[in-house]
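The file query_30.txt contains compact mmCIF, C-alpha atoms (C1' of nucleotides):
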```txt
# COMPACT_ATOMS: atom_id res chain seq x y z
CA MET A 1 -149.06 35.48 108.84
CA ARG A 2 -147.67 32.35 110.48
CA PHE A 3 -149.55 29.99 108.17
CA GLU A 4 -149.91 30.41 104.47
CA ILE A 5 -151.79 28.28 102.00
CA ILE A 6 -149.89 28.08 98.76
CA LYS A 7 -152.03 25.84 96.67
CA LYS A 8 -155.33 24.05 96.88
CA ASN A 9 -156.25 20.85 95.14
CA ASN A 10 -159.28 21.33 92.92
CA LYS A 11 -160.44 17.72 93.14
CA ASN A 12 -160.53 17.48 96.93
CA LYS A 13 -159.95 19.61 100.01
CA LEU A 14 -156.21 19.03 100.20
CA ARG A 15 -154.26 22.18 100.82
CA ILE A 16 -150.56 22.77 100.49
CA GLY A 17 -149.09 25.32 102.82
CA LYS A 18 -146.22 26.60 104.86
CA LEU A 19 -146.16 27.13 108.59
CA ARG A 20 -143.65 29.55 110.06
CA THR A 21 -142.25 28.64 113.45
CA SER A 22 -139.44 30.03 115.54
CA HIS A 23 -137.18 27.33 114.09
CA GLY A 24 -138.12 27.81 110.49
CA LEU A 25 -140.74 26.82 107.97
CA ILE A 26 -142.47 23.51 107.62
CA ASP A 27 -144.28 22.34 104.53
CA THR A 28 -147.78 21.03 105.00
CA PRO A 29 -149.38 18.57 104.91
CA CYS A 30 -146.65 17.14 107.09
CA PHE A 31 -145.94 14.08 109.14
CA MET A 32 -144.18 14.44 112.46
CA PRO A 33 -142.04 11.53 113.65
CA ILE A 34 -142.38 11.00 117.37
CA GLY A 35 -139.55 11.63 119.77
CA THR A 36 -141.35 11.26 123.08
CA ARG A 37 -138.29 11.31 125.29
CA ALA A 38 -136.21 13.77 123.29
CA ALA A 39 -135.24 11.14 120.77
CA VAL A 40 -136.93 9.58 117.81
CA LYS A 41 -136.14 6.06 118.92
CA ASN A 42 -132.87 4.73 117.55
CA LEU A 43 -132.13 7.72 115.32
CA THR A 44 -129.80 10.69 115.62
CA SER A 45 -131.13 14.11 114.75
CA ASP A 46 -128.72 14.15 111.85
CA GLU A 47 -130.22 10.97 110.43
CA LEU A 48 -133.71 12.40 110.80
CA GLU A 49 -132.70 15.50 108.95
CA LYS A 50 -131.23 13.44 106.12
CA ILE A 51 -134.44 11.46 105.90
CA GLY A 52 -136.15 14.78 105.30
CA ALA A 53 -138.12 15.23 108.49
CA GLU A 54 -138.97 18.90 108.97
CA ILE A 55 -140.57 18.74 112.38
CA ILE A 56 -140.74 16.21 115.19
CA LEU A 57 -143.00 15.74 118.16
CA SER A 58 -141.91 15.38 121.74
CA ASN A 59 -143.72 15.02 125.04
CA THR A 60 -144.32 17.23 128.05
CA TYR A 61 -145.22 14.52 130.55
CA HIS A 62 -142.31 12.24 129.81
CA LEU A 63 -139.71 15.02 129.64
CA ALA A 64 -141.01 16.69 132.78
CA GLN A 65 -140.42 13.43 134.56
CA ARG A 66 -137.03 12.70 133.06
CA PRO A 67 -134.76 14.59 132.80
CA GLY A 68 -137.00 17.44 133.97
CA ALA A 69 -137.86 20.71 132.27
CA ASP A 70 -135.28 22.70 134.22
CA ILE A 71 -132.46 20.49 133.06
CA ILE A 72 -133.53 20.88 129.46
CA LYS A 73 -133.83 24.61 129.97
CA LYS A 74 -130.35 24.64 131.43
CA ALA A 75 -129.12 22.73 128.39
CA GLY A 76 -130.36 25.62 126.29
CA GLY A 77 -133.70 24.13 125.34
CA LEU A 78 -134.83 20.92 123.77
CA HIS A 79 -133.44 21.76 120.33
CA LYS A 80 -129.95 22.25 121.61
CA PHE A 81 -130.25 19.36 124.06
CA MET A 82 -131.02 16.85 121.32
CA ASN A 83 -129.16 18.62 118.53
CA TRP A 84 -132.27 19.09 116.43
CA HIS A 85 -132.47 22.48 114.80
CA SER A 86 -135.83 22.27 113.08
CA PRO A 87 -139.24 22.78 114.67
CA ILE A 88 -140.55 20.70 117.56
CA LEU A 89 -144.16 20.27 118.56
CA THR A 90 -144.71 19.09 122.10
CA ASP A 91 -147.71 17.17 123.21
CA SER A 92 -149.09 18.37 126.51
CA GLY A 93 -149.51 15.09 128.35
CA GLY A 94 -153.16 14.90 127.34
CA PHE A 95 -152.57 11.56 125.66
CA GLN A 96 -151.03 10.20 128.85
CA VAL A 97 -154.33 11.03 130.55
CA PHE A 98 -155.64 8.28 128.30
CA SER A 99 -152.70 5.92 128.00
CA LEU A 100 -151.77 6.04 131.69
CA SER A 101 -155.36 6.17 132.88
CA LYS A 102 -154.73 3.55 135.55
CA MET A 103 -152.37 5.82 137.40
CA ARG A 104 -153.91 9.25 137.30
CA LYS A 105 -156.72 11.28 138.77
CA ILE A 106 -158.46 14.12 136.99
CA SER A 107 -159.85 17.14 138.78
CA ASP A 108 -160.95 20.55 137.53
CA GLU A 109 -157.57 21.84 138.53
CA GLY A 110 -155.54 19.35 136.50
CA VAL A 111 -154.26 15.77 136.34
CA ARG A 112 -152.40 14.03 139.11
CA PHE A 113 -150.24 11.21 137.78
CA GLN A 114 -148.49 8.64 139.85
CA SER A 115 -145.23 8.06 138.03
CA GLU A 116 -145.00 4.69 136.31
CA ILE A 117 -141.26 4.83 136.98
CA ASP A 118 -140.83 5.62 140.65
CA GLY A 119 -144.34 6.21 141.95
CA ARG A 120 -143.87 9.88 142.72
CA GLU A 121 -146.62 12.33 141.98
CA ILE A 122 -146.62 14.46 138.86
CA PHE A 123 -149.25 17.14 138.87
CA LEU A 124 -150.04 18.66 135.51
CA THR A 125 -152.27 21.68 135.30
CA PRO A 126 -152.99 23.59 132.10
CA GLU A 127 -150.65 26.32 133.32
CA ARG A 128 -147.87 23.93 134.26
CA ALA A 129 -148.13 22.15 130.94
CA VAL A 130 -147.63 25.48 129.17
CA ASP A 131 -144.81 26.39 131.51
CA ILE A 132 -142.97 23.15 130.89
CA GLN A 133 -143.35 23.48 127.16
CA LEU A 134 -142.04 27.04 127.27
CA LYS A 135 -139.05 25.83 129.24
CA LEU A 136 -138.45 23.13 126.67
CA GLY A 137 -138.49 25.81 124.00
CA SER A 138 -141.21 24.10 122.01
CA ASP A 139 -142.16 25.67 118.70
CA ILE A 140 -145.72 24.43 118.90
CA ILE A 141 -147.28 24.08 122.31
CA MET A 142 -150.34 21.90 122.78
CA VAL A 143 -152.85 22.76 125.48
CA LEU A 144 -153.47 20.19 128.18
CA ASP A 145 -156.58 18.23 127.27
CA GLU A 146 -158.32 15.10 128.36
CA CYS A 147 -158.15 12.44 125.70
CA PRO A 148 -161.22 10.35 126.49
CA PRO A 149 -161.28 6.62 125.88
CA TRP A 150 -163.29 4.89 123.19
CA PRO A 151 -166.04 3.84 123.39
CA CYS A 152 -167.20 6.68 125.57
CA ASP A 153 -170.80 7.49 126.52
CA TYR A 154 -172.28 10.88 125.73
CA GLU A 155 -172.39 12.12 129.31
CA TYR A 156 -168.74 11.36 129.89
CA ALA A 157 -167.72 12.79 126.53
CA GLU A 158 -169.60 15.99 127.27
CA ARG A 159 -168.15 16.44 130.73
CA SER A 160 -164.70 15.69 129.42
CA MET A 161 -165.03 18.09 126.52
CA GLU A 162 -166.22 20.89 128.82
CA LEU A 163 -163.20 20.29 131.03
CA THR A 164 -160.89 20.37 128.02
CA LEU A 165 -162.48 23.70 127.02
CA LYS A 166 -161.92 25.19 130.46
CA TRP A 167 -158.35 23.99 130.41
CA ALA A 168 -157.88 25.42 126.93
CA GLU A 169 -159.07 28.82 128.12
CA ARG A 170 -156.72 28.74 131.11
CA SER A 171 -153.84 27.58 128.91
CA LYS A 172 -154.35 30.36 126.41
CA LYS A 173 -154.70 33.02 129.07
CA TYR A 174 -151.56 31.83 130.81
CA PHE A 175 -149.65 31.50 127.57
CA ASP A 176 -150.59 35.02 126.48
CA LYS A 177 -149.47 36.42 129.80
CA LYS A 178 -146.15 34.58 129.69
CA THR A 179 -145.34 35.49 126.10
CA LYS A 180 -146.72 39.00 125.76
CA ASN A 181 -143.26 40.57 125.64
CA MET A 182 -141.88 38.16 123.07
CA SER A 183 -141.51 39.19 119.45
CA GLN A 184 -143.85 37.48 117.01
CA GLY A 185 -141.00 35.66 115.31
CA LYS A 186 -139.66 34.17 118.52
CA ARG A 187 -142.93 33.35 120.17
CA SER A 188 -144.04 29.73 120.26
CA LEU A 189 -147.32 28.82 118.65
CA ILE A 190 -150.09 27.37 120.76
CA PHE A 191 -152.72 24.95 119.46
CA GLY A 192 -156.13 24.15 120.92
CA ILE A 193 -157.46 20.60 120.86
CA VAL A 194 -160.98 19.71 119.78
CA GLN A 195 -162.49 16.89 121.80
CA GLY A 196 -166.00 15.46 122.02
CA SER A 197 -165.49 11.81 121.13
CA VAL A 198 -167.68 10.68 118.23
CA TYR A 199 -170.54 13.08 119.05
CA LYS A 200 -171.13 15.63 116.36
CA ASP A 201 -172.70 18.33 118.51
CA LEU A 202 -169.95 18.07 121.12
CA ARG A 203 -167.23 18.30 118.51
CA GLU A 204 -168.97 21.25 116.93
CA LYS A 205 -169.37 23.11 120.18
CA CYS A 206 -165.78 22.44 121.17
CA ALA A 207 -164.44 23.66 117.84
CA LYS A 208 -166.47 26.87 117.93
CA LYS A 209 -165.46 27.74 121.47
CA LEU A 210 -161.80 27.07 120.76
CA VAL A 211 -161.89 29.23 117.66
CA ASP A 212 -163.30 32.05 119.78
CA MET A 213 -160.18 31.77 121.93
CA ASN A 214 -158.04 32.45 118.89
CA PHE A 215 -155.37 29.76 118.91
CA ASP A 216 -152.56 29.61 116.37
CA GLY A 217 -153.80 26.24 115.15
CA TYR A 218 -156.35 23.59 115.95
CA ALA A 219 -155.91 19.93 116.61
CA ILE A 220 -158.42 17.15 116.52
CA GLY A 221 -157.75 14.92 119.49
CA GLY A 222 -159.37 11.86 120.92
CA VAL A 223 -158.91 9.87 117.73
CA SER A 224 -156.67 6.83 117.29
CA VAL A 225 -157.85 5.39 120.57
CA GLY A 226 -159.51 2.33 119.05
CA GLU A 227 -162.33 3.75 116.96
CA SER A 228 -162.84 2.93 113.29
CA PHE A 229 -161.54 4.76 110.25
CA LYS A 230 -165.12 5.82 109.45
CA ASP A 231 -165.49 7.39 112.88
CA LYS A 232 -162.31 9.35 112.35
CA ILE A 233 -163.49 10.66 108.99
CA LYS A 234 -166.86 11.51 110.51
CA VAL A 235 -165.19 13.54 113.25
CA ILE A 236 -162.92 15.35 110.81
CA LYS A 237 -165.80 16.20 108.49
CA CYS A 238 -167.90 17.63 111.26
CA VAL A 239 -165.08 19.66 112.83
CA ILE A 240 -163.36 21.19 109.81
CA PRO A 241 -166.22 23.48 108.74
CA PHE A 242 -165.86 25.31 112.05
CA LEU A 243 -162.12 25.77 111.84
CA PRO A 244 -160.67 28.90 110.25
CA GLU A 245 -159.23 28.50 106.78
CA ASN A 246 -156.05 30.39 107.59
CA LYS A 247 -154.91 28.33 110.57
CA PRO A 248 -153.18 24.95 110.51
CA ARG A 249 -155.17 21.84 111.39
CA TYR A 250 -153.56 18.93 113.11
CA ILE A 251 -155.03 15.45 113.48
CA MET A 252 -153.36 13.90 116.47
CA GLY A 253 -151.89 10.44 116.58
CA VAL A 254 -152.75 9.11 113.14
CA GLY A 255 -152.20 6.97 111.33
CA ARG A 256 -151.80 4.37 108.67
CA PRO A 257 -150.57 5.71 105.32
CA GLU A 258 -153.97 5.45 103.65
CA GLU A 259 -155.59 7.24 106.59
CA ILE A 260 -153.12 10.09 106.46
CA VAL A 261 -153.78 10.51 102.75
CA LYS A 262 -157.54 10.66 103.27
CA PHE A 263 -157.26 13.09 106.15
CA ALA A 264 -155.00 15.40 104.16
CA GLN A 265 -157.53 15.24 101.35
CA GLU A 266 -160.16 16.34 103.84
CA GLY A 267 -158.08 19.39 104.66
CA MET A 268 -155.84 18.34 107.55
CA ASP A 269 -152.36 19.88 107.54
CA MET A 270 -150.41 17.99 110.17
CA CYS A 271 -150.30 14.55 111.70
CA ASP A 272 -148.07 12.36 113.81
CA CYS A 273 -147.95 8.70 114.65
CA VAL A 274 -145.81 6.09 116.36
CA ILE A 275 -146.59 3.57 113.65
CA PRO A 276 -143.51 3.97 111.44
CA THR A 277 -141.07 3.86 114.34
CA ARG A 278 -142.78 1.32 116.54
CA GLU A 279 -143.63 -1.07 113.74
CA ALA A 280 -140.11 -0.74 112.38
CA ARG A 281 -138.78 -2.00 115.69
CA HIS A 282 -141.21 -4.89 115.50
CA GLY A 283 -140.25 -5.75 111.95
CA ARG A 284 -143.14 -4.41 109.92
CA LEU A 285 -141.76 -2.38 107.06
CA TYR A 286 -143.58 -0.28 104.50
CA ILE A 287 -142.97 -0.79 100.79
CA TYR A 288 -144.41 1.29 97.95
CA ASN A 289 -146.11 -0.56 95.12
CA LYS A 290 -144.81 -0.06 91.62
CA THR A 291 -147.19 2.65 90.60
CA PHE A 292 -147.79 5.34 93.11
CA ALA A 293 -151.50 5.90 92.75
CA ILE A 294 -152.60 7.58 95.89
CA ASN A 295 -156.19 6.45 95.90
CA LYS A 296 -155.46 2.82 95.28
CA LYS A 297 -153.51 0.37 97.31
CA PHE A 298 -150.23 2.18 97.01
CA TYR A 299 -148.16 0.21 99.45
CA LYS A 300 -147.74 -3.10 101.19
CA THR A 301 -146.05 -4.13 104.38
CA ILE A 302 -143.65 -6.95 104.99
CA ASN A 303 -142.60 -8.51 108.25
CA ILE A 304 -138.87 -8.56 107.81
CA THR A 305 -138.47 -11.08 110.62
CA ASN A 306 -140.34 -13.69 108.58
CA SER A 307 -138.12 -16.58 107.60
CA CYS A 308 -138.67 -16.03 103.88
CA PHE A 309 -136.26 -13.07 104.02
CA LYS A 310 -133.41 -15.06 105.45
CA LYS A 311 -131.69 -15.37 102.07
CA TYR A 312 -133.20 -12.38 100.28
CA MET A 313 -130.14 -10.44 99.16
CA ARG A 314 -131.81 -7.43 97.58
CA PRO A 315 -132.87 -4.26 99.43
CA LEU A 316 -136.20 -3.78 101.16
CA ASP A 317 -137.25 -1.72 98.15
CA THR A 318 -134.99 -1.27 95.13
CA ARG A 319 -136.66 2.04 94.25
CA CYS A 320 -136.37 3.48 97.76
CA GLY A 321 -133.72 6.12 98.34
CA CYS A 322 -133.31 5.64 102.07
CA TYR A 323 -130.01 4.81 103.70
CA ALA A 324 -131.13 1.29 104.57
CA CYS A 325 -132.24 0.46 101.05
CA GLU A 326 -129.22 2.03 99.43
CA ASN A 327 -126.78 0.03 101.51
CA TYR A 328 -128.28 -3.16 102.92
CA SER A 329 -130.26 -6.24 101.97
CA ARG A 330 -133.42 -7.64 103.43
CA ALA A 331 -131.42 -10.62 104.61
CA TYR A 332 -129.12 -8.35 106.59
CA ILE A 333 -131.92 -6.42 108.28
CA HIS A 334 -133.73 -9.72 108.92
CA HIS A 335 -130.60 -11.03 110.58
CA LEU A 336 -130.05 -7.91 112.69
CA LEU A 337 -133.59 -7.97 114.04
CA LYS A 338 -133.43 -11.70 114.73
CA VAL A 339 -130.30 -11.32 116.82
CA ASN A 340 -131.46 -8.10 118.48
CA GLU A 341 -128.75 -5.90 117.08
CA SER A 342 -129.74 -2.28 117.58
CA LEU A 343 -128.53 -1.42 114.09
CA GLY A 344 -131.52 -3.39 112.84
CA LEU A 345 -133.90 -1.14 114.74
CA ARG A 346 -132.13 1.86 113.32
CA LEU A 347 -132.19 0.76 109.68
CA ALA A 348 -135.80 -0.34 109.93
CA SER A 349 -136.78 2.98 111.52
CA ILE A 350 -134.93 4.96 108.88
CA HIS A 351 -136.78 3.10 106.16
CA ASN A 352 -140.26 3.51 107.63
CA ILE A 353 -139.87 7.19 108.46
CA TYR A 354 -138.50 7.77 104.99
CA PHE A 355 -141.62 6.08 103.63
CA TYR A 356 -143.87 8.41 105.62
CA ILE A 357 -141.89 11.55 104.80
CA LYS A 358 -141.95 10.64 101.09
CA LEU A 359 -145.68 10.06 101.31
CA MET A 360 -146.16 13.63 102.46
CA GLU A 361 -143.90 14.90 99.68
CA TYR A 362 -146.01 13.03 97.12
CA LEU A 363 -149.10 14.58 98.63
CA ARG A 364 -147.67 18.07 98.30
CA LYS A 365 -146.78 17.63 94.62
C1' G B 1 -112.89 -54.52 141.00
C1' G B 2 -116.23 -51.19 144.17
C1' A B 3 -119.57 -46.82 145.06
C1' C B 4 -122.45 -43.06 142.96
C1' C B 5 -124.63 -39.31 139.56
C1' C B 6 -126.99 -37.85 134.91
C1' G B 7 -130.03 -39.19 130.28
C1' U B 8 -137.29 -35.25 129.62
C1' G B 9 -139.47 -30.84 122.64
C1' G B 10 -133.85 -27.68 118.74
C1' U B 11 -130.87 -26.08 123.45
C1' G B 12 -130.77 -25.64 128.89
C1' U B 13 -133.68 -27.21 132.85
C1' A B 14 -138.19 -28.39 136.39
C1' G B 15 -141.17 -32.47 137.70
C1' C B 16 -139.05 -38.16 140.25
C1' C B 17 -138.13 -38.63 147.08
C1' C B 18 -144.51 -38.91 148.64
C1' G B 19 -147.15 -42.76 141.14
C1' G B 20 -153.07 -39.89 139.32
C1' U B 21 -156.65 -35.35 134.32
C1' U B 22 -154.05 -32.72 127.50
C1' A B 23 -145.51 -33.51 131.05
C1' A B 24 -144.08 -27.41 133.07
C1' C B 25 -140.49 -23.25 132.35
C1' A B 26 -136.67 -20.28 129.80
C1' C B 27 -134.32 -19.53 125.28
C1' G B 28 -134.76 -20.86 120.13
C1' U B 29 -138.28 -21.68 115.76
C1' C B 30 -142.88 -20.03 113.12
C1' U B 31 -146.98 -16.49 112.54
C1' C B 32 -149.89 -12.36 113.80
C1' C B 33 -150.76 -7.46 116.33
C1' C B 34 -149.18 -2.35 116.91
C1' U B 35 -152.53 4.77 115.50
C1' G B 36 -150.89 12.57 120.26
C1' U B 37 -144.84 5.60 122.64
C1' C B 38 -145.39 2.74 130.22
C1' A B 39 -143.81 0.04 123.77
C1' C B 40 -136.18 -3.64 121.04
C1' G B 41 -143.22 -4.63 123.25
C1' G B 42 -147.63 -7.92 123.15
C1' A B 43 -150.50 -12.33 121.54
C1' G B 44 -150.76 -17.09 119.58
C1' A B 45 -148.83 -21.70 117.26
C1' A B 46 -145.72 -25.79 116.26
C1' G B 47 -142.44 -28.99 118.67
C1' A B 48 -141.10 -34.40 123.69
C1' U B 49 -144.95 -41.49 123.31
C1' C B 50 -139.67 -38.40 129.46
C1' G B 51 -132.33 -43.15 126.57
C1' A B 52 -134.04 -48.50 125.54
C1' G B 53 -136.42 -53.11 127.24
C1' G B 54 -139.09 -55.57 130.89
C1' G B 55 -141.77 -55.74 135.70
C1' U B 56 -145.17 -53.91 139.80
C1' U B 57 -149.98 -51.24 139.64
C1' C B 58 -156.62 -49.69 137.93
C1' A B 59 -152.69 -46.00 136.62
C1' A B 60 -145.37 -45.12 135.66
C1' A B 61 -141.29 -39.42 133.53
C1' U B 62 -142.08 -40.83 138.81
C1' C B 63 -141.32 -47.38 142.15
C1' C B 64 -138.32 -52.16 140.92
C1' C B 65 -135.01 -55.05 137.56
C1' U B 66 -131.99 -55.35 133.17
C1' U B 67 -129.46 -52.85 129.46
C1' C B 68 -127.15 -48.79 126.49
C1' G B 69 -124.83 -43.94 126.50
C1' G B 70 -122.27 -39.86 129.26
C1' G B 71 -119.79 -38.45 133.72
C1' U B 72 -117.70 -38.48 138.99
C1' C B 73 -115.20 -40.69 143.05
C1' C B 74 -112.55 -44.86 145.64
C1' G B 75 -109.04 -48.92 144.85
```
File written out as structure tokens:
Amino acid sequence: MRFEIIKKNNKNKLRIGKLRTSHGLIDTPCFMPIGTRAAVKNLTSDELEKIGAEIILSNTYHLAQRPGADIIKKAGGLHKFMNWHSPILTDSGGFQVFSLSKMRKISDEGVRFQSEIDGREIFLTPERAVDIQLKLGSDIIMVLDECPPWPCDYEYAERSMELTLKWAERSKKYFDKKTKNMSQGKRSLIFGIVQGSVYKDLREKCAKKLVDMNFDGYAIGGVSVGESFKDKIKVIKCVIPFLPENKPRYIMGVGRPEEIVKFAQEGMDMCDCVIPTREARHGRLYIYNKTFAINKKFYKTINITNSCFKKYMRPLDTRCGCYACENYSRAYIHHLLKVNESLGLRLASIHNIYFYIKLMEYLRK
RNA sequence: GGACCCGUGGUGUAGCCCGGUUAACACGUCUCCCUGUCACGGAGAAGAUCGAGGGUUCAAAUCCCUUCGGGUCCG
């Protein structure tokens, strides 16, 4: 078994488990820091490891463009390339179908992007996306999907979901063919992605069909594109009953700490989000409140660039065990960000990722 | 002694020649936003009665005169 549930919470649907990948075990529920371009921005792999990150996420589209999958393959794979020895999940480029929607065209065959860097064409098909991810040496491969925008009318959502299903089928078929001779322990995992926007019947249909294809895990995509928290919960609640108990569930691209907690309590096992790293760079830092009560307001945020921290000589959080809090004051980090010193970005990122990683540890207790 | 240049938000400048609605821009300051990263990014706010005084004009940062401050060149 690649995924094992160790303990279930009797008050809610939270489940504590372990997922076995070709680069070791990860504890779930887990949060995956994002390293789109083979780096979690401003951090070394060593720092990430010390923070306690067990798995990171990287990106097919961006790496295919620069430096190119072949170069990473030549380097000995993404792990070796970036000196990260724990698992890596790679997103397929499906999110770029949404985020770079101005410069791409979708057809049944795949997605044609016009590079935002040099204008050249990048053609992703389900097969190519799998191929690239295999070259990268990804531990968890995501199928190419179309992440539809929000709001999204029913007709579009349906068409889009059907396309995502077709692509999922092609991806799985291609993946199976390419990996049939690999031993179970070495083989990457491949996850399907449930789409269908906020429409219950579409989500349901998509989930059922994907489960029939027998993926190693199932993701819920198409969230965190502008819809409300309630919509996200609604989607999760309608999808989960159709997902197998013994496979990991991944909610893509979320979220705020309180959202992650709720989703884990609904039975989600994995999540990822740019929030801790991006907001760190922009000065918003996460601080736990005195009593860690998971259902109440358990944290606050501060904007470290605010002038009130100019002379604040104590750490961001005196109870936090991160490198930034153990060694530096708010005033120092305030100063670094104000003068655009990259160390500021680094310390802020360390703190926020630590916050998220600790949150998952609390959840697993 | 003579000729000339420059004084505009905290800083650096544009606008002046050819006068016309709430004086523009960059940086700085302040605040907010960020959800499978086009992202050290984005949005907004505060802040100058244009060195001072007078004149011309319906109207002056803009034209004229005086004056103060800073600078350049010639003797």
Contacts of chain A with chain B up to 6 Å, shortest pair per row, only C-alpha atoms (C1' of nucleotides), as CSV:
```
residue,atom,partner,partner_atom,distance
A:Phe95,CA,B:G36,C1',5.7
A:Ser224,CA,B:U35,C1',5.0
A:Met252,CA,B:G36,C1',4.7
A:Gly253,CA,B:G36,C1',4.4
A:Val254,CA,B:U35,C1',4.9
A:Gly255,CA,B:U35,C1',4.7
```
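Residue neighbourhood of A26 of chain B, excluding near-sequence residues (fewer than 2 positions): B:G12, B:U13, B:G28, at 10 Å, using all atoms listed in the file.
Close contacts of Asn83 of chain A, defined as residues with an atom at most 9 Å away when counting only C-alpha atoms (C1' of nucleotides), with chain neighbours fewer than 5 positions off set aside, comprise Thr44, Ser45, Asp46 and Leu78 of chain A.
Across the structure, atom CA of Gly226 of chain A and atom CA of Ser171 of chain A are spaced 27.7 Å apart.
For the choices A:Gly137, A:Gly267, A:Gly321, A:Gly283, the atom-to-atom distance to His334 of chain A is smallest for A:Gly283 when using all atoms listed in the file.
Across the structure, atom CA of Lys300 of chain A and atom CA of Asp317 of chain A are spaced 11.0 Å apart.
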Identify the residues within 9 Å of coordinate (-112.8, -45.9, 144.4) (same frame as the file), considering all atoms listed in the file, and give the answer as an MDAnalysis selection string. chainID B and resid 2:3 73:75
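Here atom CA of Phe3 of chain A stands at a distance of 17.0 Å from atom CA of Met32 of chain A.
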Could segment 36-53 of chain A be completed with N, CA and C atoms and written as a short mmCIF file (atom, residue, chain, number, x, y, z; two decimals), in the frame of the given file, please?
```
data_model
loop_
_atom_site.label_atom_id
_atom_site.label_comp_id
_atom_site.auth_asym_id
_atom_site.auth_seq_id
_atom_site.Cartn_x
_atom_site.Cartn_y
_atom_site.Cartn_z
N THR A 36 -140.74 11.06 121.76
CA THR A 36 -141.35 11.26 123.08
C THR A 36 -140.35 11.73 124.13
N ARG A 37 -139.23 11.02 124.22
CA ARG A 37 -138.29 11.31 125.29
C ARG A 37 -137.04 12.00 124.74
N ALA A 38 -137.29 12.98 123.89
CA ALA A 38 -136.21 13.77 123.29
C ALA A 38 -135.34 12.93 122.37
N ALA A 39 -135.93 11.92 121.79
CA ALA A 39 -135.24 11.14 120.77
C ALA A 39 -136.27 10.39 119.95
N VAL A 40 -136.15 10.48 118.65
CA VAL A 40 -136.93 9.58 117.81
C VAL A 40 -136.18 8.25 117.92
N LYS A 41 -136.83 7.28 118.48
CA LYS A 41 -136.14 6.06 118.92
C LYS A 41 -135.17 5.51 117.87
N ASN A 42 -133.95 5.34 118.33
CA ASN A 42 -132.87 4.73 117.55
C ASN A 42 -132.23 5.61 116.48
N LEU A 43 -132.70 6.86 116.36
CA LEU A 43 -132.13 7.72 115.32
C LEU A 43 -131.46 8.96 115.90
N THR A 44 -130.40 9.40 115.25
CA THR A 44 -129.80 10.69 115.62
C THR A 44 -130.56 11.78 114.88
N SER A 45 -130.46 12.98 115.39
CA SER A 45 -131.13 14.11 114.75
C SER A 45 -130.61 14.30 113.32
N ASP A 46 -129.34 14.04 113.16
CA ASP A 46 -128.72 14.15 111.85
C ASP A 46 -129.36 13.18 110.85
N GLU A 47 -129.58 11.96 111.31
CA GLU A 47 -130.22 10.97 110.43
C GLU A 47 -131.64 11.40 110.06
N LEU A 48 -132.35 11.93 111.05
CA LEU A 48 -133.71 12.40 110.80
C LEU A 48 -133.74 13.51 109.76
N GLU A 49 -132.78 14.38 109.88
CA GLU A 49 -132.70 15.50 108.95
C GLU A 49 -132.45 14.98 107.54
N LYS A 50 -131.54 14.01 107.44
CA LYS A 50 -131.23 13.44 106.12
C LYS A 50 -132.42 12.73 105.52
N ILE A 51 -133.23 12.12 106.37
CA ILE A 51 -134.44 11.46 105.90
C ILE A 51 -135.41 12.49 105.33
N GLY A 52 -135.30 13.72 105.82
CA GLY A 52 -136.15 14.78 105.30
C GLY A 52 -137.23 15.24 106.25
N ALA A 53 -137.14 14.79 107.50
CA ALA A 53 -138.12 15.23 108.49
C ALA A 53 -137.95 16.72 108.74
#
```
